[in-house]
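Listing of start28.cif; format and content: mmCIF, C-alpha atoms and all ligand atoms.
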```
data_protein
#
loop_
_atom_site.label_atom_id
_atom_site.label_comp_id
_atom_site.auth_asym_id
_atom_site.auth_seq_id
_atom_site.Cartn_x
_atom_site.Cartn_y
_atom_site.Cartn_z
CA MET A 1 18.50 20.06 48.52
CA SER A 2 16.00 17.87 46.68
CA PHE A 3 14.09 21.02 45.67
CA LEU A 4 17.28 22.51 44.16
CA LYS A 5 17.99 19.25 42.32
CA ALA A 6 14.47 19.19 40.88
CA TRP A 7 14.78 22.88 39.94
CA PHE A 8 18.01 22.30 38.00
CA GLN A 9 16.53 19.25 36.29
CA ALA A 10 13.46 21.27 35.25
CA ALA A 11 15.71 24.11 34.00
CA ALA A 12 17.76 21.64 31.95
CA ALA A 13 14.56 20.13 30.49
CA ALA A 14 13.27 23.63 29.60
CA LEU A 15 16.60 24.45 27.92
CA THR A 16 16.44 21.21 25.91
CA LEU A 17 12.88 22.04 24.88
CA LEU A 18 13.89 25.51 23.67
CA THR A 19 17.00 24.32 21.78
CA VAL A 20 17.19 20.77 20.38
CA GLY A 21 13.47 20.38 21.14
CA THR A 22 12.66 22.55 18.13
CA PHE A 23 13.82 19.65 15.91
CA SER A 24 11.38 17.17 17.46
CA PRO A 25 7.78 17.39 16.18
CA ARG A 26 6.46 16.23 19.56
CA LEU A 27 8.44 18.81 21.54
CA ARG A 28 7.62 21.55 19.01
CA SER A 29 4.00 20.80 19.61
CA TYR A 30 4.53 21.29 23.40
CA LEU A 31 6.24 24.60 22.64
CA ARG A 32 3.33 25.73 20.43
CA ARG A 33 0.80 24.78 23.09
CA PHE A 34 2.83 26.59 25.76
CA ALA A 35 3.16 29.71 23.57
CA THR A 36 -0.62 29.68 22.95
CA GLU A 37 -1.31 29.10 26.65
CA VAL A 38 0.76 32.13 27.75
CA GLY A 39 -0.65 34.33 24.96
CA ILE A 40 2.56 34.64 22.86
CA ARG A 41 0.92 32.82 19.96
CA LYS A 42 -2.59 33.30 18.61
CA GLU A 43 -4.39 30.36 16.99
CA PRO A 44 -5.56 31.42 13.52
CA ALA A 45 -9.38 31.53 13.19
CA SER A 46 -10.58 28.20 11.83
CA PRO A 47 -13.01 27.85 8.93
CA PHE A 48 -14.04 24.45 10.30
CA GLN A 49 -16.83 23.58 12.70
CA THR A 50 -15.76 21.46 15.65
CA ARG A 51 -17.39 18.15 16.45
CA THR A 52 -16.86 16.00 19.52
CA PRO A 53 -15.36 12.52 19.00
CA ASP A 54 -18.52 10.91 20.37
CA SER A 55 -20.69 12.56 17.72
CA ILE A 56 -18.83 10.59 15.04
CA GLY A 57 -20.07 7.19 13.96
CA ASP A 58 -21.96 5.03 16.41
CA PRO A 59 -20.42 5.26 19.90
CA SER A 60 -21.99 1.93 20.87
CA ALA A 61 -20.61 0.04 17.84
CA PRO A 62 -17.47 -1.92 18.69
CA VAL A 63 -14.21 -0.98 16.97
CA ALA A 64 -10.96 -2.94 16.74
CA ILE A 65 -7.76 -1.23 17.89
CA PRO A 66 -5.20 -4.00 17.48
CA ASP A 67 -2.17 -1.85 18.27
CA LEU A 68 -2.75 0.46 21.25
CA GLU A 69 0.70 1.84 21.88
CA ALA A 70 1.41 5.14 20.10
CA ARG A 71 4.98 6.07 19.23
CA GLU A 72 6.31 9.41 18.07
CA GLY A 73 4.99 9.87 14.52
CA ASN A 74 1.79 7.88 15.13
CA VAL A 75 -1.68 9.30 15.59
CA SER A 76 -2.96 9.45 19.17
CA LEU A 77 -5.17 6.70 20.57
CA LEU A 78 -8.18 9.05 20.40
CA GLU A 79 -7.40 9.83 16.75
CA LEU A 80 -7.04 6.13 15.97
CA THR A 81 -10.40 5.45 17.61
CA VAL A 82 -12.08 8.20 15.58
CA LEU A 83 -10.57 6.78 12.37
CA ALA A 84 -11.80 3.30 13.33
CA ARG A 85 -15.32 4.65 14.06
CA LEU A 86 -15.43 6.45 10.72
CA VAL A 87 -14.45 3.26 8.88
CA ARG A 88 -17.04 1.22 10.81
CA ALA A 89 -19.73 3.81 10.07
CA ARG A 90 -18.96 4.28 6.37
CA HIS A 91 -17.79 0.72 5.49
CA PRO A 92 -15.54 1.71 2.56
CA MET A 93 -14.31 -1.12 0.33
CA LEU A 94 -11.23 0.72 -0.93
CA LEU A 95 -9.14 2.74 1.48
CA TRP A 96 -6.00 4.78 0.84
CA GLU A 97 -3.43 6.10 3.28
CA ILE A 98 -0.69 8.54 2.24
CA GLY A 99 2.17 8.10 4.75
CA THR A 100 2.51 4.55 6.07
CA PHE A 101 5.24 5.10 8.69
CA ASP A 102 5.23 2.02 10.96
CA GLY A 103 1.77 0.90 9.77
CA ARG A 104 -0.14 1.23 13.05
CA THR A 105 -2.97 3.23 11.46
CA THR A 106 -2.91 1.08 8.31
CA ARG A 107 -3.53 -1.97 10.45
CA THR A 108 -6.42 -0.34 12.31
CA LEU A 109 -8.04 0.80 9.04
CA ALA A 110 -7.83 -2.79 7.75
CA ALA A 111 -9.14 -4.26 11.02
CA ASN A 112 -12.29 -2.09 10.87
CA ALA A 113 -13.03 -2.21 7.14
CA PRO A 114 -15.68 -4.66 5.90
CA GLU A 115 -14.94 -8.16 4.68
CA GLY A 116 -13.31 -8.01 1.25
CA ALA A 117 -12.08 -4.41 1.61
CA GLN A 118 -8.55 -3.46 0.56
CA VAL A 119 -6.30 -0.87 2.18
CA HIS A 120 -3.58 0.75 0.06
CA THR A 121 -0.80 2.65 1.76
CA LEU A 122 2.04 4.70 0.27
CA ASP A 123 5.36 5.52 1.86
CA LEU A 124 8.47 7.39 0.76
CA PRO A 125 11.61 5.23 0.60
CA PRO A 126 14.40 6.99 2.56
CA THR A 127 16.72 7.12 -0.44
CA GLN A 128 14.21 8.46 -2.96
CA ALA A 129 14.62 12.01 -4.22
CA THR A 130 11.46 14.06 -3.71
CA ARG A 131 9.74 16.43 -6.12
CA HIS A 132 9.22 19.01 -3.37
CA GLN A 133 11.30 19.77 -0.32
CA LEU A 134 10.27 18.03 2.91
CA THR A 135 10.24 20.01 6.14
CA GLY A 136 13.43 19.40 8.17
CA PRO A 137 12.03 17.61 11.26
CA GLU A 138 9.95 15.10 9.30
CA ARG A 139 13.02 13.34 7.90
CA THR A 140 12.96 11.34 11.18
CA PHE A 141 9.74 9.64 10.02
CA VAL A 142 11.12 8.95 6.56
CA GLU A 143 14.42 7.47 7.69
CA LYS A 144 13.37 4.16 9.18
CA SER A 145 14.56 0.66 8.43
CA THR A 146 11.12 -0.83 7.69
CA SER A 147 7.92 0.80 6.56
CA GLY A 148 4.70 -0.81 7.79
CA ALA A 149 6.47 -3.03 10.34
CA ARG A 150 3.46 -2.99 12.67
CA PHE A 151 1.18 -4.81 10.25
CA HIS A 152 3.80 -7.22 8.91
CA GLY A 153 2.92 -10.75 9.99
CA THR A 154 -0.49 -9.74 11.40
CA PRO A 155 -3.90 -11.12 10.33
CA GLU A 156 -4.65 -7.75 8.67
CA GLN A 157 -1.66 -7.90 6.32
CA SER A 158 -3.52 -9.85 3.62
CA ARG A 159 -5.91 -6.89 3.21
CA ILE A 160 -3.13 -4.33 2.88
CA THR A 161 -1.19 -3.40 -0.26
CA GLN A 162 1.98 -1.48 0.36
CA HIS A 163 3.28 0.99 -2.25
CA PHE A 164 6.50 2.94 -2.29
CA GLY A 165 7.16 6.30 -3.92
CA ASP A 166 6.86 10.04 -3.66
CA SER A 167 3.19 11.02 -3.35
CA ALA A 168 3.72 13.97 -5.73
CA SER A 169 4.84 11.69 -8.57
CA PHE A 170 3.18 8.36 -7.68
CA ASP A 171 0.54 7.22 -10.21
CA PHE A 172 -2.77 7.01 -8.32
CA GLY A 173 -4.57 6.64 -11.69
CA PRO A 174 -5.74 3.00 -11.27
CA TRP A 175 -7.68 3.91 -8.10
CA GLU A 176 -9.11 7.29 -9.12
CA GLY A 177 -12.82 7.61 -8.38
CA GLN A 178 -12.81 4.35 -6.43
CA ALA A 179 -11.73 5.11 -2.87
CA GLY A 180 -14.33 5.44 -0.14
CA PHE A 181 -11.83 6.56 2.46
CA VAL A 182 -8.53 8.48 2.25
CA PHE A 183 -6.23 9.31 5.13
CA VAL A 184 -3.76 12.10 4.33
CA ASP A 185 -0.73 11.84 6.62
CA GLY A 186 2.39 12.10 4.44
CA SER A 187 4.74 15.05 4.25
CA HIS A 188 3.76 18.14 6.24
CA ALA A 189 5.30 20.61 3.76
CA ALA A 190 2.75 22.93 2.10
CA ALA A 191 3.50 21.74 -1.46
CA TYR A 192 2.82 18.14 -0.39
CA VAL A 193 -0.29 18.90 1.64
CA ARG A 194 -1.65 20.62 -1.50
CA THR A 195 -0.81 17.77 -3.91
CA ASP A 196 -1.85 15.03 -1.45
CA THR A 197 -5.19 16.81 -0.98
CA ALA A 198 -5.64 16.95 -4.76
CA ARG A 199 -4.80 13.21 -4.94
CA ALA A 200 -7.32 12.45 -2.19
CA HIS A 201 -9.92 14.43 -4.11
CA HIS A 202 -9.25 12.47 -7.34
CA LEU A 203 -9.26 9.13 -5.50
CA THR A 204 -12.76 9.82 -4.18
CA GLU A 205 -14.13 11.72 -7.18
CA GLY A 206 -17.82 11.14 -7.96
CA ARG A 207 -18.58 8.84 -5.03
CA PRO A 208 -19.60 9.23 -1.40
CA ALA A 209 -16.39 9.17 0.60
CA VAL A 210 -14.48 10.34 3.64
CA ILE A 211 -11.19 12.24 3.56
CA VAL A 212 -9.30 12.70 6.81
CA TRP A 213 -6.24 14.91 7.29
CA HIS A 214 -3.91 14.55 10.25
CA ASP A 215 -1.86 17.28 12.01
CA TYR A 216 -4.26 20.21 11.62
CA GLY A 217 -3.29 22.86 14.19
CA GLU A 218 -0.03 21.00 14.82
CA TRP A 219 2.08 21.56 11.70
CA PRO A 220 1.74 25.16 10.46
CA ASP A 221 1.80 24.21 6.74
CA VAL A 222 -0.97 21.63 7.20
CA THR A 223 -3.13 24.21 8.96
CA ALA A 224 -2.44 26.92 6.36
CA VAL A 225 -3.17 24.67 3.35
CA LEU A 226 -6.36 23.30 4.92
CA HIS A 227 -7.56 26.86 5.47
CA GLU A 228 -6.72 27.59 1.83
CA VAL A 229 -8.75 24.62 0.47
CA ALA A 230 -11.56 24.57 3.07
CA HIS A 231 -14.10 25.98 0.56
CA LEU A 232 -13.58 22.91 -1.67
CA PHE A 233 -14.71 20.60 1.14
CA PRO A 234 -18.01 22.00 2.40
CA GLY A 235 -19.05 20.67 5.78
CA ALA A 236 -15.52 19.54 6.69
CA TYR A 237 -15.08 19.60 10.47
CA ARG A 238 -12.30 19.28 13.02
CA VAL A 239 -12.55 16.74 15.80
CA ALA A 240 -12.15 18.17 19.31
CA GLY A 241 -9.12 16.94 21.23
CA THR A 242 -7.43 15.75 18.03
CA THR A 243 -5.57 17.17 15.04
CA LEU A 244 -7.99 15.54 12.60
CA VAL A 245 -10.04 17.33 9.96
CA VAL A 246 -12.74 15.18 8.39
CA TRP A 247 -14.76 15.67 5.24
CA GLU A 248 -17.67 13.34 4.54
CA GLY A 249 -19.21 14.03 1.18
CA GLN A 250 -19.08 13.48 -2.54
CA ALA A 251 -16.42 15.14 -4.68
CA PRO A 252 -17.94 16.38 -7.96
C1 LIG B 301 3.77 11.13 10.37
S1 LIG B 301 4.23 9.75 9.45
C2 LIG B 301 2.71 8.90 9.14
C3 LIG B 301 2.12 8.26 10.36
C4 LIG B 301 1.13 7.16 10.08
N1 LIG B 301 0.12 7.54 9.12
C5 LIG B 301 0.49 6.74 11.36
O1 LIG B 301 -0.70 7.06 11.54
O2 LIG B 301 1.15 6.10 12.17
C6 LIG B 301 4.53 10.43 7.84
C7 LIG B 301 4.90 9.39 6.82
O3 LIG B 301 4.82 9.98 5.51
C8 LIG B 301 5.89 9.54 4.74
N2 LIG B 301 6.16 10.53 3.71
C9 LIG B 301 6.77 11.73 3.85
N3 LIG B 301 6.86 12.34 2.67
C10 LIG B 301 6.27 11.53 1.76
C11 LIG B 301 6.08 11.61 0.35
N4 LIG B 301 6.49 12.66 -0.33
N5 LIG B 301 5.47 10.58 -0.27
C12 LIG B 301 5.04 9.51 0.43
N6 LIG B 301 5.20 9.37 1.77
C13 LIG B 301 5.81 10.38 2.42
C14 LIG B 301 7.04 9.38 5.73
O4 LIG B 301 8.01 8.47 5.24
C15 LIG B 301 6.31 8.84 6.96
O5 LIG B 301 6.30 7.44 6.96
#
```
Go through the file and emit its structure as structure tokens.
Amino acid sequence: MSFLKAWFQAAAAALTLLTVGTFSPRLRSYLRRFATEVGIRKEPASPFQTRTPDSIGDPSAPVAIPDLEAREGNVSLLELTVLARLVRARHPMLLWEIGTFDGRTTRTLAANAPEGAQVHTLDLPPTQATRHQLTGPERTFVEKSTSGARFHGTPEQSRITQHFGDSASFDFGPWEGQAGFVFVDGSHAAAYVRTDTARAHHLTEGRPAVIVWHDYGEWPDVTAVLHEVAHLFPGAYRVAGTTLVVWEGQAP
């Protein structure tokens, strides 16, 4: 009897996954992994080398992770740790994040940046019209009551400047050529991944910097655009066990 009950529960869960689950980014990612696992889906060949998380930064240097709990829409704990290690290793004084969401990553970037550093983060207000179309499922991340709630009232808040707008029309001009670190994690639609990548490039132009993209291998448009622009970021690598692509270099 208990076997039958468990069987029906599993069947209901599988049905949910195959129907309404396609609207949830997290469940879609399970579906993609399952399809790859059973050979229905082939991963496209990647132009990026793979590095292990422990080969990044100094594994013995302490990092601060002030907000451990990941919620849907956040980066994973491993990804957050890699971001923190990169910031510790490169000590950028000006950091930019495209896609604030609840501010968990923003806070970690600020907690690991050197004394006097400033973190800027941009988020799309739910009511703002966008220049390009967003992908359907990502509206969930846009439509929230407060952006950056997880750094509000924390010790890191004084080092964070919050901006609101559409990344395709926002004026990044005042910070061009000044950022030492950019985290691209806004819209996952191809048009946005392209323009956000161009913005990241301009923000870091002419100086040694790090650009990190989230959701490689997870959101098809992110993967496709990163493959398209890979030649512009020589030496960019993906981090095993994560959806991060990292470029450490100097944009001409
Ligand atoms: C996946 S969440 C970011 C997660 C966050 N970086 C973290 O690590 O927790 C994507 C964010 O990008 C924002 N966003 C989506 N489209 C945008 C746009 N066109 N301009 C600026 N922000 C955008 C959404 O509102 C959402 O907060």
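Between atom CA of A:Ser158 and atom CA of A:Gly116 the separation is 10.2 Å.
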Near stretch 228-238 of chain A, counting only C-alpha atoms, which residues have an atom at most 12 Å away, once you skip same-chain residues fewer than 3 positions from it, shown as a PyMOL selection string? chain A and resi 46-53+55-56+79+82+190+193-198+200-201+209-217+221-225+241-252
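We find atom C10 of ligand LIG 301 (chain B) and atom CA of A:Arg139 to be spaced 9.3 Å apart.
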Suppose you want the space between atom C4 of ligand LIG 301 (chain B) and atom CA of A:His163; what is it in Å? 14.0 Å
Please identify all polymer residues within 7 Å of A:Asp166, counting only C-alpha atoms, omitting same-chain residues fewer than 3 positions from it, and present them as a PyMOL selection string. chain A and resi 124+130+169-170
Convert the current residue selection to file output with C-alpha atoms, as a PDB file, in the frame of the given file.
```pdb
ATOM      1  CA  LEU A 124       8.470   7.390   0.760  1.00  0.00           C
ATOM      2  CA  THR A 130      11.460  14.060  -3.710  1.00  0.00           C
ATOM      3  CA  SER A 169       4.840  11.690  -8.570  1.00  0.00           C
ATOM      4  CA  PHE A 170       3.180   8.360  -7.680  1.00  0.00           C
TER       5      PHE A 170
END
```
Contacts to ligand LIG 301 (chain B) at 9 Å cut-off (all atoms listed in the file) as a PyMOL selection string: chain A and resi 70-76+79-80+97-106+121-126+130-134+138-144+147-148+164-170+183-189+192+196+214-215
Write the residues of the selection above to a file with C-alpha atoms, as a PDB file, in the frame of the given file.
```
ATOM      1  CA  ALA A  70       1.410   5.140  20.100  1.00  0.00           C
ATOM      2  CA  ARG A  71       4.980   6.070  19.230  1.00  0.00           C
ATOM      3  CA  GLU A  72       6.310   9.410  18.070  1.00  0.00           C
ATOM      4  CA  GLY A  73       4.990   9.870  14.520  1.00  0.00           C
ATOM      5  CA  ASN A  74       1.790   7.880  15.130  1.00  0.00           C
ATOM      6  CA  VAL A  75      -1.680   9.300  15.590  1.00  0.00           C
ATOM      7  CA  SER A  76      -2.960   9.450  19.170  1.00  0.00           C
ATOM      8  CA  GLU A  79      -7.400   9.830  16.750  1.00  0.00           C
ATOM      9  CA  LEU A  80      -7.040   6.130  15.970  1.00  0.00           C
ATOM     10  CA  GLU A  97      -3.430   6.100   3.280  1.00  0.00           C
ATOM     11  CA  ILE A  98      -0.690   8.540   2.240  1.00  0.00           C
ATOM     12  CA  GLY A  99       2.170   8.100   4.750  1.00  0.00           C
ATOM     13  CA  THR A 100       2.510   4.550   6.070  1.00  0.00           C
ATOM     14  CA  PHE A 101       5.240   5.100   8.690  1.00  0.00           C
ATOM     15  CA  ASP A 102       5.230   2.020  10.960  1.00  0.00           C
ATOM     16  CA  GLY A 103       1.770   0.900   9.770  1.00  0.00           C
ATOM     17  CA  ARG A 104      -0.140   1.230  13.050  1.00  0.00           C
ATOM     18  CA  THR A 105      -2.970   3.230  11.460  1.00  0.00           C
ATOM     19  CA  THR A 106      -2.910   1.080   8.310  1.00  0.00           C
ATOM     20  CA  THR A 121      -0.800   2.650   1.760  1.00  0.00           C
ATOM     21  CA  LEU A 122       2.040   4.700   0.270  1.00  0.00           C
ATOM     22  CA  ASP A 123       5.360   5.520   1.860  1.00  0.00           C
ATOM     23  CA  LEU A 124       8.470   7.390   0.760  1.00  0.00           C
ATOM     24  CA  PRO A 125      11.610   5.230   0.600  1.00  0.00           C
ATOM     25  CA  PRO A 126      14.400   6.990   2.560  1.00  0.00           C
ATOM     26  CA  THR A 130      11.460  14.060  -3.710  1.00  0.00           C
ATOM     27  CA  ARG A 131       9.740  16.430  -6.120  1.00  0.00           C
ATOM     28  CA  HIS A 132       9.220  19.010  -3.370  1.00  0.00           C
ATOM     29  CA  GLN A 133      11.300  19.770  -0.320  1.00  0.00           C
ATOM     30  CA  LEU A 134      10.270  18.030   2.910  1.00  0.00           C
ATOM     31  CA  GLU A 138       9.950  15.100   9.300  1.00  0.00           C
ATOM     32  CA  ARG A 139      13.020  13.340   7.900  1.00  0.00           C
ATOM     33  CA  THR A 140      12.960  11.340  11.180  1.00  0.00           C
ATOM     34  CA  PHE A 141       9.740   9.640  10.020  1.00  0.00           C
ATOM     35  CA  VAL A 142      11.120   8.950   6.560  1.00  0.00           C
ATOM     36  CA  GLU A 143      14.420   7.470   7.690  1.00  0.00           C
ATOM     37  CA  LYS A 144      13.370   4.160   9.180  1.00  0.00           C
ATOM     38  CA  SER A 147       7.920   0.800   6.560  1.00  0.00           C
ATOM     39  CA  GLY A 148       4.700  -0.810   7.790  1.00  0.00           C
ATOM     40  CA  PHE A 164       6.500   2.940  -2.290  1.00  0.00           C
ATOM     41  CA  GLY A 165       7.160   6.300  -3.920  1.00  0.00           C
ATOM     42  CA  ASP A 166       6.860  10.040  -3.660  1.00  0.00           C
ATOM     43  CA  SER A 167       3.190  11.020  -3.350  1.00  0.00           C
ATOM     44  CA  ALA A 168       3.720  13.970  -5.730  1.00  0.00           C
ATOM     45  CA  SER A 169       4.840  11.690  -8.570  1.00  0.00           C
ATOM     46  CA  PHE A 170       3.180   8.360  -7.680  1.00  0.00           C
ATOM     47  CA  PHE A 183      -6.230   9.310   5.130  1.00  0.00           C
ATOM     48  CA  VAL A 184      -3.760  12.100   4.330  1.00  0.00           C
ATOM     49  CA  ASP A 185      -0.730  11.840   6.620  1.00  0.00           C
ATOM     50  CA  GLY A 186       2.390  12.100   4.440  1.00  0.00           C
ATOM     51  CA  SER A 187       4.740  15.050   4.250  1.00  0.00           C
ATOM     52  CA  HIS A 188       3.760  18.140   6.240  1.00  0.00           C
ATOM     53  CA  ALA A 189       5.300  20.610   3.760  1.00  0.00           C
ATOM     54  CA  TYR A 192       2.820  18.140  -0.390  1.00  0.00           C
ATOM     55  CA  ASP A 196      -1.850  15.030  -1.450  1.00  0.00           C
ATOM     56  CA  HIS A 214      -3.910  14.550  10.250  1.00  0.00           C
ATOM     57  CA  ASP A 215      -1.860  17.280  12.010  1.00  0.00           C
TER      58      ASP A 215
END
```
